[in-house]
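> Sharing a structure below in structure tokens format, with a few things to ask.
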Amino acid sequence: MRLLLSRGELLGLIGPNGAGKTTLFNVIAGVYRPDEGNVVFQGRDITRLRPHARCRLGLARTFQLTKPFLGLGVLENVTLGAYYGAKGGRPGLGEARDRAEDVLRRVGLGGKRDHLASTLTVGERKRLELARAVATQPSVLLLDEVVAGLSSAEVGEMMEIIRSIWASGVTILMVEHVMRAVMGISQRIVVLHQGQVLAGGTPATVASNPDVVSAYLGSASALAAPTAGA
Amino acid sequence: MLDVRGLDVLYGDVQVVWDLSFTVDAGEIVTLLGANGAGKSTTLKTISGLLRPRRGHILFDGVSLETVPPDRIVGMGVLQVPEGRRLWPGMTVLENLRLGAYPKGARGEEGASLEAVFSLFPVLAERRGQLAGTLSGGEQQMLAIGRALMARPRLLMLDEPSLGLAPKVIERIFEVIQDVSRRGVTVLLVEQNAHLALSVANRAYILETGHLVRAGAGSELLADADVRRAYLGV
Amino acid sequence: MSPGLVVEQIFNGLVSGAIYALMASGLSLIWGTLKMLNFAHGEFYMLGGFGVYFALLLGGLPPLVAVPVAMLGAAVVGMLLERLVIHPLLDKPGWDVSPIIATLGASILLQNLALHLWGERFKNIPYYIEGGVNLFGIRMAWQRVLIVAVTVVVIVVVVAALRRSRWGMALRATAQDRDAAVLAGIDVYAVYLWTLGLTAALAALAAAMLAPIYSINPWMGTALLLKAFIVCVLGGLGSLEGAILGGVLLGTTESLTVLLWSSEWKDVVAFVLLILVLWVRPAGLMGTREW
Amino acid sequence: MLRRALDGGGVYLVLAGLLALVPLVNSDAYFVHILTLSLMHSALASSWNLICGYTGLFSFGHQAFFGLGAYVSSLMAMKAGLSPWLGLVVGGGVAAAAGFVIALPCLRLRAPPYIAIATLGFAEICRFTAMNLVGLTRGELGLWGIPEMTPVPVPGVGQVSFTGQRVPYFYLMLAIYVAMMALLYWLVRSPLGLALKSVRDSEDAAESLGVDIVRTKILIFVLSSFLAGVVGAFYAHYVLILTPSSVLSVGVMIEIVAMTLIGGLGTFLGPTVGAFGITLLLEYMRVLGDYRLLIYGALLIAIILFIPEGIAKRLLPRRVAL
């Protein structure tokens, strides 16, 4: 499989359950090593780099099930990212904290900076997760189901935040189940099915692609079609 | 038979089901549809007692299930075939099936149930001594269904039975589901493959990010724009 | 060094290996089902020793009755431990660590309770069978032969019960996939309870068999518990076959160390082995959960 | 003003100052001895709290580093004539090196029970080695004849001798304790402190945000071991006799765990609260003294069942407790 993410893009990666999205995501983020093939980032082969090194190169990620540092304050959570994950050299602690406060305001958590992360609601945790990743000043941001479990209103807010991060020049790859969100925001969509790229293109072309429709809805023809793998 | 009212469920600390109500009558095949992440599996887990609702009621034959221990819920005849089969990979096919008859009410009829399951899935009889972990995906799904049938279910809940299977196998699984239904078992089916599910279901409910958005008879939903929206967001 | 001496030492290694296997299989069963380390397991062993002592000498029971009585007593304590100390911690955050601390507390408590109740004087019981056999110039005490024989029989019975009985299958099912077990109508909390009872009885049996050779005292479980941990890690935590294999392996390694080097350093060799295995192959020799 | 001083760690200085005054009020040798022991336990438990409470690595072999510090410093003083003052540092240094060695296999282990077994195994190796090297350590007979701390000039007081004295040892222990707590205070508030807590709360997330968890874990094993080694060296030159079971046995670890847990794992003052509480309780209630291990056992169960967060978090305001 080959997936190319260009600078400045906002790419949505979708596919039915078991399509291999999460596996692909983890390979890019450095959690798994691929059996074959390479991950190339800005012309550099990073296949063998550990996650922290990828982060320092400018490749940040969020987790589907949020993993906040529960024993730390909200500001501390984000400061950690701003301090340790910063692309290029390590900033001073003061500078990192300023950057963290700035990012917290951008995701609408400014008022919660002194709260313990364990006291946050789900929606707030999702935004904290995002803020931590953004604070590392990534050139590429990997978002793993960032709106899963949010109410409709929260989904809308989150989409606005992501749009503004993208507008500030960050390339974004998002894996997403909530179609309304991913279709509404992505520039380009790639559909995975059974470990392979099934289709790609703008949200509108993908949604009207008959292969995609049958992969999602299933159909009488899909029953007869000789699909790969079982 | 099954009456779910105003269910709110949190998974970890993520709310995935919001104010969900639906019913399943005796003898029906009812399906819950929706893209992944819509809250279907969570709903099944809550009915089985693996998760507890934050709010709302689950009534089975008028008995409230929210505080009944999960093994007793199974004893009442509410069986779930979980997503991803969840077999015991280090046990043989026969052992998996025999343990299916673990509920007290089903123990006495273990022999008869076994025969019934083997007649439904002859391949399982052939592979009875093989470890479950070494079966193909389709055989594993058959074993998972067979295991649930060993418990003499009254309500059979299937979570994504078609997941990752070849079309031929899927076809076979859905024939079995209809067969089981004809033998008097009520079926609650969770599926991503909407065409398939709607083709066998009497009624369907459509979930979108944990909310109920549509309910109706199977066939009429197939052509519905809401269904497409729930899955594809357009 | 005569070949007879080597064989004799290997046989002695098998004797301690059998005891290690009994202890370690209990720890492994608990790890398999509950995913916890039981630091009070050595105290089941200690209670088994005192149980058989009292049943034998004070109760005047014959060994054939005294040993099962001791096992039963330990099983009751094990089940009480599960209900009172472990059960309240289940399904709560911190399960990685909380049962370690709780069972460690129970271990100290039981050990010192025994000390206060029964004193620190070492107690001895007579061999169940006196004498020995001389095979091709190799001396083997009947008591040691008995240990190996009983252990082999008991382990075969336990493995058969786990394989064939409904209860045993429920236990394996719980270990392999707890949620699936629940969905099949298995009361996993009952499984946990019986697992503690069974493993306590196995530990008590180990003590009852070994008591005529070593003496009985409140601390007798501590050193053996650590050995049993080594055995579990060698064999792979959660693997019953691994526990048996690991037990024999450790027992013979220790004997050979005694033979080739010195008895003082056999424990050091054992713990070095532990760390090397953890370093090179953390899953152990048979690090699967299939048993 | 006051609030600011409290936030800035002033409260700890005030507490330390009050402790420093205690021997002036009551210089009873036994009483001072108990205070010294309490401080020593506080320091030891705090060093374990760094690795377990702050970094989340469930080390169960801390006694190894305590014992190593004690034996190394004693033997260096006895066999090589090394000054006990240097022994404090050398003992700590050897313990730190041992911490580095045991950190390596632990890096691959993520499950706390595995880390517990690995570290416990290492501690047992140390114990058996000390028992077996009879020519060097006299084994369980006990290493005696350990030199006391040598006299040291103190400005304003003159030459201070430690021979047969309790009070100077108390002040030395207090100085070690204060220095160590100052280091910890600074550490847990520094970026490294953030990194430690992030490893504790989620290794995956920490790694994804640029924290090198391998380096962090090794560093904290080394530092925590060093501190335990220093405390061990002090202990050796204070009680003047060592046996493997008094400094290298699981019993030492159990005391550390009980004290830290009752005070509050991962809280700054928790280990101190627990150490003083338990030490004073057991020494002053003689009746209880006979049952001390029984009490440890019951305490561990009671804490884990009823107050898993420890008492420091309940009794002290959050800012002080953390």
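Going through the structure tokens in order, the chains are called A, B, and so on, while each chain numbers its residues from 1 and the ligands are numbered from 1 in the order shown.
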Find the residues around Gly133 of chain B up to 12 Å (only C-alpha atoms counted), leave out those fewer than 5 positions away in its own chain, and share them as a list in words.
Arg85, Arg86, Leu87, Trp88, Pro89, Gly90, Met91, Thr92, Val93, Asn96, Arg127, Glu139, Gln140, Gln141, Leu143 and Ala144 of chain B; Gln176 and Glu290 of chain C
> Using N, CA, C and O atoms, can you export the residues from the last selection as a PDB file, in the first residue's frame?

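Contents of again_15.pdb, freshly written:
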ATOM      1  N   ARG B  85     -15.820 -12.547  17.395  1.00  0.00           N
ATOM      2  CA  ARG B  85     -16.050 -13.953  17.835  1.00  0.00           C
ATOM      3  C   ARG B  85     -15.764 -14.203  19.304  1.00  0.00           C
ATOM      4  O   ARG B  85     -16.512 -14.861  19.992  1.00  0.00           O
ATOM      5  N   ARG B  86     -14.577 -13.739  19.780  1.00  0.00           N
ATOM      6  CA  ARG B  86     -14.203 -13.966  21.173  1.00  0.00           C
ATOM      7  C   ARG B  86     -14.317 -15.434  21.572  1.00  0.00           C
ATOM      8  O   ARG B  86     -14.937 -15.782  22.572  1.00  0.00           O
ATOM      9  N   LEU B  87     -13.701 -16.294  20.795  1.00  0.00           N
ATOM     10  CA  LEU B  87     -13.642 -17.703  21.176  1.00  0.00           C
ATOM     11  C   LEU B  87     -12.533 -17.879  22.196  1.00  0.00           C
ATOM     12  O   LEU B  87     -11.769 -16.966  22.462  1.00  0.00           O
ATOM     13  N   TRP B  88     -12.438 -19.085  22.757  1.00  0.00           N
ATOM     14  CA  TRP B  88     -11.287 -19.412  23.595  1.00  0.00           C
ATOM     15  C   TRP B  88     -10.294 -20.115  22.694  1.00  0.00           C
ATOM     16  O   TRP B  88     -10.436 -21.315  22.411  1.00  0.00           O
ATOM     17  N   PRO B  89      -9.289 -19.397  22.225  1.00  0.00           N
ATOM     18  CA  PRO B  89      -8.441 -19.893  21.140  1.00  0.00           C
ATOM     19  C   PRO B  89      -7.662 -21.151  21.511  1.00  0.00           C
ATOM     20  O   PRO B  89      -7.369 -21.965  20.655  1.00  0.00           O
ATOM     21  N   GLY B  90      -7.348 -21.309  22.804  1.00  0.00           N
ATOM     22  CA  GLY B  90      -6.550 -22.460  23.209  1.00  0.00           C
ATOM     23  C   GLY B  90      -7.379 -23.679  23.540  1.00  0.00           C
ATOM     24  O   GLY B  90      -6.858 -24.672  24.048  1.00  0.00           O
ATOM     25  N   MET B  91      -8.685 -23.621  23.292  1.00  0.00           N
ATOM     26  CA  MET B  91      -9.538 -24.772  23.553  1.00  0.00           C
ATOM     27  C   MET B  91     -10.055 -25.315  22.225  1.00  0.00           C
ATOM     28  O   MET B  91     -10.146 -24.598  21.238  1.00  0.00           O
ATOM     29  N   THR B  92     -10.411 -26.588  22.240  1.00  0.00           N
ATOM     30  CA  THR B  92     -10.853 -27.198  20.997  1.00  0.00           C
ATOM     31  C   THR B  92     -12.265 -26.726  20.646  1.00  0.00           C
ATOM     32  O   THR B  92     -12.957 -26.121  21.471  1.00  0.00           O
ATOM     33  N   VAL B  93     -12.656 -27.025  19.411  1.00  0.00           N
ATOM     34  CA  VAL B  93     -14.002 -26.695  18.956  1.00  0.00           C
ATOM     35  C   VAL B  93     -15.043 -27.329  19.885  1.00  0.00           C
ATOM     36  O   VAL B  93     -15.979 -26.674  20.344  1.00  0.00           O
ATOM     37  N   ASN B  96     -15.165 -25.569  23.241  1.00  0.00           N
ATOM     38  CA  ASN B  96     -15.864 -24.295  23.118  1.00  0.00           C
ATOM     39  C   ASN B  96     -17.373 -24.512  23.120  1.00  0.00           C
ATOM     40  O   ASN B  96     -18.116 -23.804  23.791  1.00  0.00           O
ATOM     41  N   ARG B 127     -14.260 -30.618  12.531  1.00  0.00           N
ATOM     42  CA  ARG B 127     -13.093 -30.020  13.172  1.00  0.00           C
ATOM     43  C   ARG B 127     -13.200 -30.033  14.695  1.00  0.00           C
ATOM     44  O   ARG B 127     -12.541 -29.241  15.357  1.00  0.00           O
ATOM     45  N   GLU B 139     -15.229 -20.180   9.860  1.00  0.00           N
ATOM     46  CA  GLU B 139     -15.478 -21.276  10.795  1.00  0.00           C
ATOM     47  C   GLU B 139     -15.563 -20.751  12.226  1.00  0.00           C
ATOM     48  O   GLU B 139     -16.368 -21.213  13.025  1.00  0.00           O
ATOM     49  N   GLN B 140     -14.725 -19.763  12.521  1.00  0.00           N
ATOM     50  CA  GLN B 140     -14.766 -19.177  13.866  1.00  0.00           C
ATOM     51  C   GLN B 140     -16.121 -18.530  14.137  1.00  0.00           C
ATOM     52  O   GLN B 140     -16.684 -18.648  15.216  1.00  0.00           O
ATOM     53  N   GLN B 141     -16.642 -17.839  13.109  1.00  0.00           N
ATOM     54  CA  GLN B 141     -17.937 -17.196  13.295  1.00  0.00           C
ATOM     55  C   GLN B 141     -19.029 -18.248  13.506  1.00  0.00           C
ATOM     56  O   GLN B 141     -19.914 -18.088  14.337  1.00  0.00           O
ATOM     57  N   LEU B 143     -18.574 -21.189  14.791  1.00  0.00           N
ATOM     58  CA  LEU B 143     -18.377 -21.730  16.136  1.00  0.00           C
ATOM     59  C   LEU B 143     -18.953 -20.773  17.183  1.00  0.00           C
ATOM     60  O   LEU B 143     -19.587 -21.206  18.150  1.00  0.00           O
ATOM     61  N   ALA B 144     -18.743 -19.479  16.979  1.00  0.00           N
ATOM     62  CA  ALA B 144     -19.250 -18.499  17.952  1.00  0.00           C
ATOM     63  C   ALA B 144     -20.772 -18.570  18.022  1.00  0.00           C
ATOM     64  O   ALA B 144     -21.373 -18.539  19.108  1.00  0.00           O
TER      65      ALA B 144
ATOM     66  N   GLN C 176      -8.582 -17.424  29.417  1.00  0.00           N
ATOM     67  CA  GLN C 176      -8.304 -17.084  28.018  1.00  0.00           C
ATOM     68  C   GLN C 176      -9.056 -15.845  27.551  1.00  0.00           C
ATOM     69  O   GLN C 176      -8.554 -15.086  26.734  1.00  0.00           O
ATOM     70  N   GLU C 290      -2.006 -20.686  27.090  1.00  0.00           N
ATOM     71  CA  GLU C 290      -2.772 -21.873  26.745  1.00  0.00           C
ATOM     72  C   GLU C 290      -2.509 -23.007  27.715  1.00  0.00           C
ATOM     73  O   GLU C 290      -1.462 -23.626  27.680  1.00  0.00           O
TER      74      GLU C 290
END
> Within 7 Å of chain C, which residues of chain B are there when counting only C-alpha atoms? Please give them as a ChimeraX atom specification.
/B:70-72,74-75,79-80,86-88,90,99-100,102-103
> For the residues in the current selection, export all heavy atoms as a compact mmCIF listing (two decimals), in the first residue's frame.

# COMPACT_ATOMS: atom_id res chain seq x y z
N PRO B 70 -24.12 -10.62 34.89
CA PRO B 70 -24.14 -11.06 33.50
C PRO B 70 -24.33 -12.57 33.34
O PRO B 70 -25.01 -13.00 32.40
CB PRO B 70 -22.77 -10.63 32.96
CG PRO B 70 -22.03 -10.03 34.08
CD PRO B 70 -22.95 -9.79 35.20
N ASP B 71 -23.79 -13.37 34.25
CA ASP B 71 -23.96 -14.82 34.07
C ASP B 71 -25.42 -15.21 34.27
O ASP B 71 -25.91 -16.16 33.67
CB ASP B 71 -23.03 -15.60 35.01
CG ASP B 71 -23.22 -15.24 36.46
OD1 ASP B 71 -22.83 -14.12 36.84
OD2 ASP B 71 -23.78 -16.06 37.21
N ARG B 72 -26.14 -14.46 35.12
CA ARG B 72 -27.56 -14.75 35.31
C ARG B 72 -28.38 -14.30 34.11
O ARG B 72 -29.38 -14.93 33.75
CB ARG B 72 -28.08 -14.06 36.59
CG ARG B 72 -27.42 -14.57 37.87
CD ARG B 72 -28.39 -15.39 38.73
NE ARG B 72 -29.76 -14.88 38.71
CZ ARG B 72 -30.20 -13.91 39.52
NH1 ARG B 72 -29.38 -13.36 40.39
NH2 ARG B 72 -31.44 -13.51 39.45
N VAL B 74 -27.37 -14.43 31.08
CA VAL B 74 -27.21 -15.54 30.14
C VAL B 74 -28.14 -16.69 30.54
O VAL B 74 -28.81 -17.30 29.70
CB VAL B 74 -25.74 -16.02 30.11
CG1 VAL B 74 -25.61 -17.29 29.29
CG2 VAL B 74 -24.84 -14.93 29.55
N GLY B 75 -28.21 -16.95 31.84
CA GLY B 75 -29.09 -18.00 32.33
C GLY B 75 -30.55 -17.77 31.98
O GLY B 75 -31.33 -18.71 31.88
N LEU B 79 -28.42 -14.32 24.97
CA LEU B 79 -27.08 -14.70 24.56
C LEU B 79 -26.52 -13.71 23.57
O LEU B 79 -27.24 -13.24 22.69
CB LEU B 79 -27.11 -16.08 23.89
CG LEU B 79 -26.77 -17.29 24.74
CD1 LEU B 79 -25.29 -17.27 25.11
CD2 LEU B 79 -27.62 -17.33 26.02
N GLN B 80 -25.23 -13.42 23.69
CA GLN B 80 -24.60 -12.52 22.74
C GLN B 80 -23.47 -13.25 22.01
O GLN B 80 -22.67 -13.94 22.64
CB GLN B 80 -24.02 -11.31 23.47
CG GLN B 80 -23.50 -10.28 22.49
CD GLN B 80 -22.70 -9.15 23.13
OE1 GLN B 80 -21.78 -8.65 22.54
NE2 GLN B 80 -23.07 -8.74 24.33
N ARG B 86 -14.58 -13.74 19.78
CA ARG B 86 -14.20 -13.97 21.17
C ARG B 86 -14.32 -15.43 21.57
O ARG B 86 -14.94 -15.78 22.57
CB ARG B 86 -15.05 -13.10 22.12
CG ARG B 86 -14.96 -11.64 21.83
CD ARG B 86 -13.56 -11.09 21.99
NE ARG B 86 -13.17 -11.01 23.37
CZ ARG B 86 -13.34 -9.91 24.11
NH1 ARG B 86 -13.83 -8.82 23.59
NH2 ARG B 86 -12.95 -9.90 25.37
N LEU B 87 -13.70 -16.29 20.80
CA LEU B 87 -13.64 -17.70 21.18
C LEU B 87 -12.53 -17.88 22.20
O LEU B 87 -11.77 -16.97 22.46
CB LEU B 87 -13.36 -18.56 19.93
CG LEU B 87 -14.39 -18.44 18.84
CD1 LEU B 87 -13.88 -19.06 17.55
CD2 LEU B 87 -15.70 -19.09 19.26
N TRP B 88 -12.44 -19.09 22.76
CA TRP B 88 -11.29 -19.41 23.60
C TRP B 88 -10.29 -20.11 22.69
O TRP B 88 -10.44 -21.32 22.41
CB TRP B 88 -11.74 -20.28 24.76
CG TRP B 88 -12.73 -19.56 25.62
CD1 TRP B 88 -12.50 -18.41 26.33
CD2 TRP B 88 -14.10 -19.88 25.84
NE1 TRP B 88 -13.65 -18.02 26.98
CE2 TRP B 88 -14.63 -18.90 26.70
CE3 TRP B 88 -14.93 -20.91 25.40
CZ2 TRP B 88 -15.96 -18.92 27.12
CZ3 TRP B 88 -16.24 -20.92 25.83
CH2 TRP B 88 -16.74 -19.94 26.67
N GLY B 90 -7.35 -21.31 22.80
CA GLY B 90 -6.55 -22.46 23.21
C GLY B 90 -7.38 -23.68 23.54
O GLY B 90 -6.86 -24.67 24.05
N LEU B 99 -18.72 -25.82 26.57
CA LEU B 99 -18.81 -24.73 27.55
C LEU B 99 -19.99 -23.81 27.24
O LEU B 99 -20.51 -23.14 28.12
CB LEU B 99 -17.52 -23.92 27.57
CG LEU B 99 -16.60 -24.21 28.74
CD1 LEU B 99 -15.45 -23.22 28.72
CD2 LEU B 99 -17.33 -24.11 30.07
N GLY B 100 -20.40 -23.80 25.98
CA GLY B 100 -21.58 -23.00 25.63
C GLY B 100 -22.80 -23.46 26.40
O GLY B 100 -23.69 -22.66 26.73
N TYR B 102 -22.96 -24.19 29.40
CA TYR B 102 -22.64 -24.03 30.81
C TYR B 102 -23.84 -23.62 31.67
O TYR B 102 -23.98 -24.09 32.79
CB TYR B 102 -21.50 -23.01 30.96
CG TYR B 102 -20.93 -22.95 32.35
CD1 TYR B 102 -19.92 -23.82 32.74
CD2 TYR B 102 -21.38 -22.02 33.28
CE1 TYR B 102 -19.39 -23.78 34.01
CE2 TYR B 102 -20.85 -21.97 34.56
CZ TYR B 102 -19.86 -22.85 34.92
OH TYR B 102 -19.32 -22.80 36.18
N PRO B 103 -24.73 -22.74 31.18
CA PRO B 103 -25.87 -22.34 32.02
C PRO B 103 -26.66 -23.56 32.49
O PRO B 103 -26.86 -24.50 31.72
CB PRO B 103 -26.70 -21.45 31.10
CG PRO B 103 -25.74 -20.94 30.10
CD PRO B 103 -24.74 -22.03 29.90
> Fewer than 4 positions away in the same chain doesn't count, so skip those; otherwise give me all residues within 9 Å of Gln15 of chain B, counting only C-alpha atoms, as an MDAnalysis selection string.
(chainID A and resid 122 149:151) or (chainID B and resid 8:11 210)
> Which of these, A:Ala215, A:Val107, A:Ile165, A:Val197, has the shortest distance to chain B once you count only C-alpha atoms?
A:Ala215
> Contacts of segment 118-122 of chain D at 9 Å or less, counting only C-alpha atoms, minus same-chain residues fewer than 6 places along, as a PDB file with N, CA and C atoms, in the first residue's frame?

ATOM      1  N   LEU C 226       9.552 -17.150  46.797  1.00  0.00           N
ATOM      2  CA  LEU C 226      10.439 -16.480  45.841  1.00  0.00           C
ATOM      3  C   LEU C 226      10.905 -17.463  44.773  1.00  0.00           C
ATOM      4  N   ILE C 230      10.384 -17.440  40.613  1.00  0.00           N
ATOM      5  CA  ILE C 230      11.406 -17.693  39.597  1.00  0.00           C
ATOM      6  C   ILE C 230      10.901 -18.739  38.611  1.00  0.00           C
ATOM      7  N   PHE C 271      18.478 -16.774  41.135  1.00  0.00           N
ATOM      8  CA  PHE C 271      17.965 -15.416  40.898  1.00  0.00           C
ATOM      9  C   PHE C 271      18.632 -14.762  39.688  1.00  0.00           C
ATOM     10  N   VAL C 272      19.910 -15.103  39.463  1.00  0.00           N
ATOM     11  CA  VAL C 272      20.565 -14.584  38.257  1.00  0.00           C
ATOM     12  C   VAL C 272      19.848 -15.122  37.022  1.00  0.00           C
ATOM     13  N   LEU C 274      16.766 -15.916  36.867  1.00  0.00           N
ATOM     14  CA  LEU C 274      15.506 -15.158  36.769  1.00  0.00           C
ATOM     15  C   LEU C 274      15.703 -13.867  35.990  1.00  0.00           C
ATOM     16  N   ILE C 275      16.724 -13.105  36.385  1.00  0.00           N
ATOM     17  CA  ILE C 275      16.906 -11.792  35.755  1.00  0.00           C
ATOM     18  C   ILE C 275      17.303 -11.943  34.293  1.00  0.00           C
ATOM     19  N   LEU C 278      14.196 -12.715  32.344  1.00  0.00           N
ATOM     20  CA  LEU C 278      13.367 -11.514  32.209  1.00  0.00           C
ATOM     21  C   LEU C 278      13.950 -10.563  31.175  1.00  0.00           C
TER      22      LEU C 278
ATOM     23  N   PHE D  58       7.080   0.110  39.657  1.00  0.00           N
ATOM     24  CA  PHE D  58       6.862  -0.572  40.926  1.00  0.00           C
ATOM     25  C   PHE D  58       8.071  -1.402  41.313  1.00  0.00           C
ATOM     26  N   SER D  59       9.130  -0.706  41.745  1.00  0.00           N
ATOM     27  CA  SER D  59      10.333  -1.402  42.190  1.00  0.00           C
ATOM     28  C   SER D  59      10.074  -2.036  43.540  1.00  0.00           C
ATOM     29  N   PHE D  60      10.457  -3.307  43.652  1.00  0.00           N
ATOM     30  CA  PHE D  60      10.242  -4.002  44.916  1.00  0.00           C
ATOM     31  C   PHE D  60      11.570  -4.483  45.479  1.00  0.00           C
ATOM     32  N   GLY D  61      12.642  -3.802  45.047  1.00  0.00           N
ATOM     33  CA  GLY D  61      13.959  -4.233  45.515  1.00  0.00           C
ATOM     34  C   GLY D  61      14.773  -3.073  46.051  1.00  0.00           C
ATOM     35  N   HIS D  62      14.100  -2.099  46.629  1.00  0.00           N
ATOM     36  CA  HIS D  62      14.810  -0.912  47.085  1.00  0.00           C
ATOM     37  C   HIS D  62      15.788  -1.245  48.209  1.00  0.00           C
ATOM     38  N   GLN D  63      15.487  -2.305  48.943  1.00  0.00           N
ATOM     39  CA  GLN D  63      16.397  -2.693  50.031  1.00  0.00           C
ATOM     40  C   GLN D  63      17.788  -2.988  49.500  1.00  0.00           C
ATOM     41  N   ALA D  64      17.900  -3.413  48.243  1.00  0.00           N
ATOM     42  CA  ALA D  64      19.211  -3.717  47.676  1.00  0.00           C
ATOM     43  C   ALA D  64      20.101  -2.483  47.717  1.00  0.00           C
ATOM     44  N   ILE D 102      20.164  -2.783  37.115  1.00  0.00           N
ATOM     45  CA  ILE D 102      18.847  -3.427  37.204  1.00  0.00           C
ATOM     46  C   ILE D 102      17.813  -2.676  36.350  1.00  0.00           C
ATOM     47  N   ALA D 103      18.114  -1.423  36.027  1.00  0.00           N
ATOM     48  CA  ALA D 103      17.183  -0.675  35.167  1.00  0.00           C
ATOM     49  C   ALA D 103      17.099  -1.312  33.784  1.00  0.00           C
ATOM     50  N   PRO D 105      17.197  -4.556  32.450  1.00  0.00           N
ATOM     51  CA  PRO D 105      16.151  -5.543  32.161  1.00  0.00           C
ATOM     52  C   PRO D 105      14.750  -4.992  32.408  1.00  0.00           C
ATOM     53  N   CYS D 106      14.628  -4.024  33.306  1.00  0.00           N
ATOM     54  CA  CYS D 106      13.302  -3.494  33.617  1.00  0.00           C
ATOM     55  C   CYS D 106      12.733  -2.646  32.488  1.00  0.00           C
ATOM     56  N   VAL D 250      13.573  -8.563  52.534  1.00  0.00           N
ATOM     57  CA  VAL D 250      12.281  -8.051  52.077  1.00  0.00           C
ATOM     58  C   VAL D 250      11.605  -7.231  53.171  1.00  0.00           C
TER      59      VAL D 250
END
> Among segment 7-219 of chain A, which residues does DSSP mark as strand (DSSP E or B) when it is run on the backbone? Keep the chain and numbering as in the structure and answer as a VMD selection string.
chain A and resid 10 to 14 40 to 41 44 to 45 59 to 61 73 116 140 to 144 171 to 175 188 to 193 196 to 201
> Show which residues sit within 8 Å of Thr209 of chain B, as a list in words. Count only C-alpha atoms, and ignore same-chain residues fewer than 6 positions away.
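Here the answer would be Ala148, Gly149, Leu150, Ser151 and Val178 of chain A; Val16, Val17, Gly37, Ala38 and Gly39 of chain B.
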> Include C-alpha atoms and write out the residues we just selected as a short mmCIF file (atom, residue, chain, number, x, y, z; two decimals), in the first residue's frame.

data_model
loop_
_atom_site.label_atom_id
_atom_site.label_comp_id
_atom_site.auth_asym_id
_atom_site.auth_seq_id
_atom_site.Cartn_x
_atom_site.Cartn_y
_atom_site.Cartn_z
CA ALA A 148 -15.51 9.85 18.71
CA GLY A 149 -17.85 9.99 21.66
CA LEU A 150 -18.62 13.68 21.40
CA SER A 151 -22.11 15.16 21.26
CA VAL A 178 -17.94 10.14 12.15
CA VAL B 16 -21.47 6.50 23.47
CA VAL B 17 -25.20 5.91 23.81
CA GLY B 37 -18.62 4.20 16.54
CA ALA B 38 -22.39 4.66 16.49
CA GLY B 39 -22.86 2.79 19.77
#
> Ala175 of chain D: which residues within 10 Å, counting only C-alpha atoms, same-chain residues fewer than 5 positions away excluded, as a list of chain:residue names?
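Final neighbour list, sorted by chain and number: D:Ala16, D:Ala20, D:Leu39, D:Tyr169, D:Phe170, D:Met180, D:Met181.
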> I'd like to know which residues of segment 95-185 of chain A are helix (DSSP H, G or I) (by DSSP, run on the backbone); could you write them as a PyMOL selection string?
chain A and resi 95-106+110-112+117-119+122-135+152-167+179-185
> List the neighbours of Gly12 of chain A out to 7 Å using only C-alpha atoms; skip same-chain residues closer than 4 positions along the sequence, and give me the result as a compact mmCIF listing (two decimals) with N, CA, C and O atoms, in the first residue's frame.

# COMPACT_ATOMS: atom_id res chain seq x y z
N LEU A 173 -3.53 14.63 9.04
CA LEU A 173 -4.08 13.36 8.58
C LEU A 173 -5.05 12.90 9.65
O LEU A 173 -4.66 12.72 10.81
N MET A 174 -6.34 12.75 9.30
CA MET A 174 -7.28 12.31 10.33
C MET A 174 -7.94 10.99 9.97
O MET A 174 -8.42 10.79 8.86
N VAL A 175 -7.92 10.08 10.95
CA VAL A 175 -8.68 8.84 10.83
C VAL A 175 -9.98 9.09 11.55
O VAL A 175 -9.97 9.56 12.69
N VAL A 182 -15.77 14.12 9.03
CA VAL A 182 -14.63 13.96 8.13
C VAL A 182 -14.99 14.43 6.72
O VAL A 182 -14.17 15.03 6.02
N SER A 186 -12.53 17.54 5.31
CA SER A 186 -11.35 17.10 4.57
C SER A 186 -11.28 17.71 3.18
O SER A 186 -12.29 17.96 2.54
N ARG A 188 -9.25 16.03 0.98
CA ARG A 188 -9.13 14.82 0.21
C ARG A 188 -9.46 13.67 1.14
O ARG A 188 -9.17 13.72 2.33
N ILE A 189 -10.08 12.62 0.57
CA ILE A 189 -10.45 11.45 1.37
C ILE A 189 -9.78 10.22 0.77
O ILE A 189 -9.73 10.08 -0.45
N VAL A 190 -9.23 9.36 1.62
CA VAL A 190 -8.75 8.07 1.14
C VAL A 190 -9.56 7.00 1.86
O VAL A 190 -9.72 7.06 3.07
